[in-house]
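Reproduced below: input-v2.cif, with mmCIF, C-alpha atoms, pLDDT in the B column; chains and numbers go by the auth columns.
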```cif
data_upload
loop_
_atom_site.group_PDB
_atom_site.id
_atom_site.type_symbol
_atom_site.label_atom_id
_atom_site.label_comp_id
_atom_site.label_asym_id
_atom_site.label_seq_id
_atom_site.Cartn_x
_atom_site.Cartn_y
_atom_site.Cartn_z
_atom_site.B_iso_or_equiv
_atom_site.auth_seq_id
_atom_site.auth_asym_id
ATOM 1 C CA MET A 1 -7.417 13.925 13.501 53.00 1153 A
ATOM 2 C CA PRO A 2 -8.466 16.648 15.975 61.00 1154 A
ATOM 3 C CA LEU A 3 -9.675 15.651 19.405 59.00 1155 A
ATOM 4 C CA SER A 4 -13.415 15.873 19.889 70.00 1156 A
ATOM 5 C CA ASN A 5 -12.888 17.599 23.243 74.00 1157 A
ATOM 6 C CA PRO A 6 -9.255 18.653 23.888 67.00 1158 A
ATOM 7 C CA ASN A 7 -10.186 19.918 27.352 73.00 1159 A
ATOM 8 C CA ALA A 8 -11.060 16.348 28.358 80.00 1160 A
ATOM 9 C CA LEU A 9 -7.337 15.525 28.532 88.00 1161 A
ATOM 10 C CA HIS A 10 -7.232 17.091 31.985 87.00 1162 A
ATOM 11 C CA LEU A 11 -9.189 14.019 33.135 87.00 1163 A
ATOM 12 C CA LEU A 12 -6.116 11.998 32.250 89.00 1164 A
ATOM 13 C CA TYR A 13 -3.477 14.527 33.251 92.00 1165 A
ATOM 14 C CA ASP A 14 -4.944 15.050 36.731 92.00 1166 A
ATOM 15 C CA ARG A 15 -5.015 11.363 37.653 94.00 1167 A
ATOM 16 C CA PRO A 16 -2.526 10.266 40.331 94.00 1168 A
ATOM 17 C CA GLY A 17 -1.389 7.268 38.284 94.00 1169 A
ATOM 18 C CA PHE A 18 -0.535 9.423 35.271 95.00 1170 A
ATOM 19 C CA LEU A 19 1.285 11.973 37.431 96.00 1171 A
ATOM 20 C CA LEU A 20 3.184 9.257 39.321 96.00 1172 A
ATOM 21 C CA ARG A 21 4.268 7.617 36.050 97.00 1173 A
ATOM 22 C CA ARG A 22 5.456 10.954 34.673 97.00 1174 A
ATOM 23 C CA ALA A 23 7.263 11.810 37.924 97.00 1175 A
ATOM 24 C CA HIS A 24 8.955 8.388 37.797 97.00 1176 A
ATOM 25 C CA GLN A 25 10.084 9.019 34.202 98.00 1177 A
ATOM 26 C CA ILE A 26 11.584 12.350 35.224 98.00 1178 A
ATOM 27 C CA SER A 27 13.224 10.862 38.314 97.00 1179 A
ATOM 28 C CA ILE A 28 14.828 8.035 36.303 97.00 1180 A
ATOM 29 C CA SER A 29 16.002 10.460 33.627 97.00 1181 A
ATOM 30 C CA ILE A 30 17.676 12.749 36.160 98.00 1182 A
ATOM 31 C CA PHE A 31 19.272 9.782 37.949 97.00 1183 A
ATOM 32 C CA GLU A 32 20.619 8.345 34.690 96.00 1184 A
ATOM 33 C CA GLN A 33 21.995 11.724 33.594 97.00 1185 A
ATOM 34 C CA GLU A 34 23.857 12.173 36.861 97.00 1186 A
ATOM 35 C CA CYS A 35 25.089 8.565 37.074 97.00 1187 A
ATOM 36 C CA GLN A 36 25.901 7.788 33.438 95.00 1188 A
ATOM 37 C CA GLY A 37 29.627 8.269 34.063 95.00 1189 A
ATOM 38 C CA ILE A 38 29.649 5.547 36.720 96.00 1190 A
ATOM 39 C CA LYS A 39 27.233 3.259 34.842 95.00 1191 A
ATOM 40 C CA LEU A 40 24.739 2.889 37.673 97.00 1192 A
ATOM 41 C CA THR A 41 20.960 2.472 37.469 96.00 1193 A
ATOM 42 C CA PRO A 42 18.494 3.286 40.251 97.00 1194 A
ATOM 43 C CA VAL A 43 17.863 -0.417 40.959 97.00 1195 A
ATOM 44 C CA GLN A 44 21.585 -1.163 41.061 98.00 1196 A
ATOM 45 C CA TYR A 45 22.078 1.749 43.449 98.00 1197 A
ATOM 46 C CA GLY A 46 19.266 0.417 45.642 98.00 1198 A
ATOM 47 C CA ILE A 47 20.945 -2.977 45.818 98.00 1199 A
ATOM 48 C CA LEU A 48 24.353 -1.467 46.574 98.00 1200 A
ATOM 49 C CA THR A 49 22.760 0.608 49.348 98.00 1201 A
ATOM 50 C CA VAL A 50 21.081 -2.404 50.956 98.00 1202 A
ATOM 51 C CA LEU A 51 24.292 -4.450 50.735 98.00 1203 A
ATOM 52 C CA HIS A 52 26.285 -1.558 52.198 98.00 1204 A
ATOM 53 C CA THR A 53 23.802 -1.313 55.072 97.00 1205 A
ATOM 54 C CA LEU A 54 23.079 -5.036 55.559 96.00 1206 A
ATOM 55 C CA PRO A 55 26.128 -7.027 54.416 96.00 1207 A
ATOM 56 C CA GLY A 56 25.429 -10.745 54.207 94.00 1208 A
ATOM 57 C CA ILE A 57 21.704 -10.384 53.461 95.00 1209 A
ATOM 58 C CA ASP A 58 20.191 -13.148 51.332 93.00 1210 A
ATOM 59 C CA GLN A 59 18.646 -12.600 47.910 93.00 1211 A
ATOM 60 C CA SER A 60 15.018 -13.015 49.015 92.00 1212 A
ATOM 61 C CA ARG A 61 15.279 -10.485 51.843 94.00 1213 A
ATOM 62 C CA LEU A 62 17.153 -8.107 49.549 96.00 1214 A
ATOM 63 C CA GLY A 63 14.306 -8.245 47.021 95.00 1215 A
ATOM 64 C CA ARG A 64 11.726 -7.568 49.732 95.00 1216 A
ATOM 65 C CA LYS A 65 13.723 -4.608 51.072 96.00 1217 A
ATOM 66 C CA LEU A 66 13.432 -2.971 47.625 97.00 1218 A
ATOM 67 C CA GLY A 67 10.069 -4.331 46.464 95.00 1219 A
ATOM 68 C CA LEU A 68 11.712 -6.227 43.592 96.00 1220 A
ATOM 69 C CA ASP A 69 10.459 -9.474 42.110 95.00 1221 A
ATOM 70 C CA LYS A 70 12.754 -12.515 42.095 93.00 1222 A
ATOM 71 C CA VAL A 71 13.552 -12.353 38.376 95.00 1223 A
ATOM 72 C CA THR A 72 14.547 -8.675 38.477 96.00 1224 A
ATOM 73 C CA THR A 73 16.588 -9.200 41.635 95.00 1225 A
ATOM 74 C CA LEU A 74 18.475 -12.121 40.085 95.00 1226 A
ATOM 75 C CA ARG A 75 19.066 -10.278 36.797 97.00 1227 A
ATOM 76 C CA VAL A 76 20.493 -7.201 38.520 97.00 1228 A
ATOM 77 C CA LEU A 77 22.590 -9.294 40.922 97.00 1229 A
ATOM 78 C CA ARG A 78 24.090 -11.224 37.997 96.00 1230 A
ATOM 79 C CA ASP A 79 24.982 -7.950 36.291 97.00 1231 A
ATOM 80 C CA LEU A 80 26.582 -6.552 39.455 98.00 1232 A
ATOM 81 C CA GLU A 81 28.437 -9.820 39.981 97.00 1233 A
ATOM 82 C CA SER A 82 29.754 -9.799 36.402 97.00 1234 A
ATOM 83 C CA ARG A 83 31.076 -6.288 37.085 97.00 1235 A
ATOM 84 C CA ARG A 84 32.731 -7.659 40.243 98.00 1236 A
ATOM 85 C CA LEU A 85 30.790 -5.231 42.461 98.00 1237 A
ATOM 86 C CA ILE A 86 29.224 -7.889 44.678 98.00 1238 A
ATOM 87 C CA SER A 87 30.091 -11.364 45.844 95.00 1239 A
ATOM 88 C CA ARG A 88 27.909 -14.305 46.714 91.00 1240 A
ATOM 89 C CA SER A 89 28.773 -17.072 49.131 87.00 1241 A
ATOM 90 C CA ALA A 90 26.848 -19.948 50.634 81.00 1242 A
ATOM 91 C CA HIS A 91 24.717 -18.712 53.532 71.00 1243 A
ATOM 92 C CA LEU A 92 26.022 -20.047 56.841 73.00 1244 A
ATOM 93 C CA SER A 93 22.663 -21.169 58.250 73.00 1245 A
ATOM 94 C CA ASP A 94 20.823 -22.015 54.996 71.00 1246 A
ATOM 95 C CA LYS A 95 22.855 -23.758 52.312 70.00 1247 A
ATOM 96 C CA ARG A 96 20.054 -23.187 49.751 75.00 1248 A
ATOM 97 C CA SER A 97 20.538 -19.419 49.814 78.00 1249 A
ATOM 98 C CA TYR A 98 23.417 -17.080 49.255 85.00 1250 A
ATOM 99 C CA SER A 99 24.887 -14.384 51.412 92.00 1251 A
ATOM 100 C CA LEU A 100 25.474 -11.181 49.433 97.00 1252 A
ATOM 101 C CA THR A 101 28.154 -8.585 50.131 97.00 1253 A
ATOM 102 C CA LEU A 102 29.765 -5.666 48.360 98.00 1254 A
ATOM 103 C CA SER A 103 33.193 -6.447 46.949 98.00 1255 A
ATOM 104 C CA SER A 104 35.968 -3.931 47.438 98.00 1256 A
ATOM 105 C CA ASP A 105 35.149 -2.517 43.960 98.00 1257 A
ATOM 106 C CA GLY A 106 31.488 -2.341 45.002 98.00 1258 A
ATOM 107 C CA GLN A 107 32.385 -0.437 48.158 98.00 1259 A
ATOM 108 C CA ILE A 108 34.461 2.019 46.126 98.00 1260 A
ATOM 109 C CA LEU A 109 31.644 2.527 43.598 98.00 1261 A
ATOM 110 C CA PHE A 110 29.083 2.973 46.372 98.00 1262 A
ATOM 111 C CA LYS A 111 31.196 5.690 47.997 98.00 1263 A
ATOM 112 C CA GLU A 112 31.903 7.360 44.647 97.00 1264 A
ATOM 113 C CA SER A 113 28.216 7.263 43.731 97.00 1265 A
ATOM 114 C CA GLN A 114 27.195 9.456 46.662 98.00 1266 A
ATOM 115 C CA LYS A 115 28.159 12.733 44.970 98.00 1267 A
ATOM 116 C CA HIS A 116 26.192 11.708 41.861 98.00 1268 A
ATOM 117 C CA ILE A 117 23.184 10.595 43.906 97.00 1269 A
ATOM 118 C CA ASN A 118 23.215 13.851 45.867 98.00 1270 A
ATOM 119 C CA ALA A 119 23.384 15.875 42.635 98.00 1271 A
ATOM 120 C CA ALA A 120 20.417 13.921 41.238 97.00 1272 A
ATOM 121 C CA TYR A 121 18.471 14.461 44.462 97.00 1273 A
ATOM 122 C CA LYS A 122 19.145 18.196 44.447 97.00 1274 A
ATOM 123 C CA LYS A 123 18.032 18.480 40.829 97.00 1275 A
ATOM 124 C CA LEU A 124 14.908 16.394 41.476 96.00 1276 A
ATOM 125 C CA ALA A 125 13.959 18.442 44.536 97.00 1277 A
ATOM 126 C CA SER A 126 14.854 21.816 43.016 97.00 1278 A
ATOM 127 C CA GLY A 127 11.276 22.749 42.116 96.00 1279 A
ATOM 128 C CA LEU A 128 9.994 22.329 45.677 97.00 1280 A
ATOM 129 C CA THR A 129 10.541 24.090 48.963 98.00 1281 A
ATOM 130 C CA GLU A 130 11.829 21.973 51.828 97.00 1282 A
ATOM 131 C CA THR A 131 8.343 21.936 53.369 98.00 1283 A
ATOM 132 C CA GLU A 132 6.781 20.886 50.053 98.00 1284 A
ATOM 133 C CA LEU A 133 9.360 18.123 49.642 97.00 1285 A
ATOM 134 C CA ILE A 134 8.661 16.786 53.151 98.00 1286 A
ATOM 135 C CA THR A 135 4.925 16.899 52.405 98.00 1287 A
ATOM 136 C CA LEU A 136 5.425 15.098 49.080 97.00 1288 A
ATOM 137 C CA VAL A 137 7.497 12.352 50.665 97.00 1289 A
ATOM 138 C CA ASN A 138 4.982 11.900 53.495 97.00 1290 A
ATOM 139 C CA LEU A 139 2.078 11.729 51.025 97.00 1291 A
ATOM 140 C CA LEU A 140 3.918 9.208 48.837 95.00 1292 A
ATOM 141 C CA ARG A 141 4.667 7.047 51.901 94.00 1293 A
ATOM 142 C CA LYS A 142 1.010 7.182 52.910 96.00 1294 A
ATOM 143 C CA PHE A 143 -0.131 6.472 49.343 94.00 1295 A
ATOM 144 C CA ASN A 144 2.231 3.489 49.027 93.00 1296 A
ATOM 145 C CA SER A 145 1.518 1.991 52.437 92.00 1297 A
ATOM 146 C CA SER A 146 -2.245 2.280 52.041 94.00 1298 A
ATOM 147 C CA LEU A 147 -2.160 0.503 48.668 93.00 1299 A
ATOM 148 C CA ASP A 148 0.717 -1.930 49.248 91.00 1300 A
ATOM 149 C CA ALA A 149 -1.620 -4.925 49.354 91.00 1301 A
ATOM 150 C CA HIS A 150 -2.317 -4.343 45.645 93.00 1302 A
ATOM 151 C CA ALA A 151 1.355 -4.450 44.621 91.00 1303 A
ATOM 152 C CA ARG A 152 2.705 -7.301 42.522 90.00 1304 A
ATOM 153 C CA THR A 153 5.763 -7.647 44.733 90.00 1305 A
ATOM 154 C CA SER A 154 6.255 -7.603 48.465 84.00 1306 A
ATOM 155 C CA PHE A 155 7.894 -4.534 50.019 88.00 1307 A
ATOM 156 C CA GLN A 156 9.149 -5.073 53.542 89.00 1308 A
ATOM 157 C CA PRO A 157 11.603 -2.353 54.515 87.00 1309 A
ATOM 158 C CA ALA A 158 11.552 -3.538 58.136 78.00 1310 A
ATOM 159 C CA GLU A 159 11.389 -7.217 58.967 64.00 1311 A
#
```
Please re-express this file's structure in structure tokens.
Amino acid sequence: MPLSNPNALHLLYDRPGFLLRRAHQISISIFEQECQGIKLTPVQYGILTVLHTLPGIDQSRLGRKLGLDKVTTLRVLRDLESRRLISRSAHLSDKRSYSLTLSSDGQILFKESQKHINAAYKKLASGLTETELITLVNLLRKFNSSLDAHARTSFQPAE
């Protein structure tokens, strides 16, 4: 069935939400292509990065650092633990929570992942000049921070 007004699609295609969703699809696709050999997803990489930077962090703070809900955080942590990339131990000051660290295999994978992550970044940024990329990142930060109150999950990069 032909569209009654095919030119009206620009109303959809020019919306920030549509463009952000499409950009996210492309970003995930590029990441997965570059990291398929090391079996790493963007969320797993985010967790490995936080644990590399903040060893001993608890699960709740980890989720907030990445803007992940509790269920997703737990699911990904269980997967990483089953792959022996992370370890959990009782938190010293709060026995109800766990302290998370990279295992030696996790540290090796994190270091190995850097060349793949850099290749994905270069491919993702290849259509923009350095100035355009800086502008895009600044606009996305502004967009996200101004609308963060509407998010389903808390994002607290600095606590």
Best match for closeness to Gln1185 of chain A among A:Ala1271, A:Arg1227, A:Leu1237, A:Ile1199, counting only C-alpha atoms
A:Ala1271
Expressed in Å to a single decimal, how great is the separation between atom CA of Cys1187 of chain A and atom CA of Ser1278 of chain A?
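Straight-line distance from atom CA of Cys1187 of chain A to atom CA of Ser1278 of chain A works out to 17.8 Å.
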Which neighbours of Pro1309 of chain A fall inside 10 Å, counting all atoms listed in the file, when residues of the same chain fewer than 6 positions from it are skipped, and could you give them as a PyMOL selection string?
chain A and resi 1213-1219
When you look at Gly1208 of chain A with a cut-off of 8 Å (counting all atoms listed in the file), what residues show up, excluding the ones that are within fewer than 5 positions of it in the same chain? I need them as a list in words.
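Selected residues are Leu1203, Ser1251, Leu1252 and Thr1253 of chain A.
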Gln1196 of chain A: which residues within 9 Å, counting only C-alpha atoms, same-chain residues fewer than 5 positions away excluded, as a PDB file with C-alpha atoms, in the frame of the given file?
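This is the output file out-v2.pdb:
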```pdb
ATOM      1  CA  THR A1201      22.760   0.608  49.348  1.00 98.00           C
ATOM      2  CA  VAL A1228      20.493  -7.201  38.520  1.00 97.00           C
ATOM      3  CA  LEU A1229      22.590  -9.294  40.922  1.00 97.00           C
ATOM      4  CA  ASP A1231      24.982  -7.950  36.291  1.00 97.00           C
ATOM      5  CA  LEU A1232      26.582  -6.552  39.455  1.00 98.00           C
TER       6      LEU A1232
END
```
Show me, as a list in words, the residues that have an atom within 10 Å of Leu1254 of chain A when counting all atoms listed in the file, minus same-chain residues fewer than 4 positions from it.
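Everything that qualifies: Ile1199, Leu1200, Thr1201, Val1202, Leu1203, His1204, Thr1205, Leu1206, Pro1207, Gly1208, Leu1232, Glu1233, Arg1236, Leu1237, Ile1238, Ser1239, Arg1240, Gly1258, Gln1259, Ile1260, Leu1261 and Phe1262 of chain A.
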Contacts between segment 1163-1179 of chain A and segment 1211-1299 of chain A, please, where a residue of segment 1211-1299 of chain A counts if it comes within 9 Å (with only C-alpha atoms); show its shortest atom pair and distance in Å to one decimal, rows by chain and ascending number, as JSON lines.
```
{"residue": "A:Ala1272", "atom": "CA", "partner": "A:Ser1179", "partner_atom": "CA", "distance": 8.3}
{"residue": "A:Tyr1273", "atom": "CA", "partner": "A:Ser1179", "partner_atom": "CA", "distance": 8.8}
{"residue": "A:Leu1276", "atom": "CA", "partner": "A:Ser1179", "partner_atom": "CA", "distance": 6.6}
```
List, as JSON, numbers by chain, every residue that the PyMOL selection byres ((chain A and resi 1186) around 12) selects in the file provided.
{"A": [1179, 1180, 1181, 1182, 1183, 1184, 1185, 1187, 1188, 1189, 1190, 1191, 1192, 1193, 1194, 1265, 1266, 1267, 1268, 1269, 1270, 1271, 1272, 1273, 1274, 1275, 1276]}
Separation of atom CA of Leu1220 of chain A from atom CA of Leu1288 of chain A in Å
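That distance, rounded to one decimal, is 22.9 Å.
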Straight-line distance linking atom CA of Val1223 of chain A with atom CA of Asn1290 of chain A, stated in Å to one decimal
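Spanning atom CA of Val1223 of chain A to atom CA of Asn1290 of chain A is a straight-line distance of 29.8 Å.
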Neighbour list for Tyr1250 of chain A as a PyMOL selection string, cut-off 9 Å, only C-alpha atoms, skip fewer than 6 positions in-chain:
chain A and resi 1208-1211+1240-1244
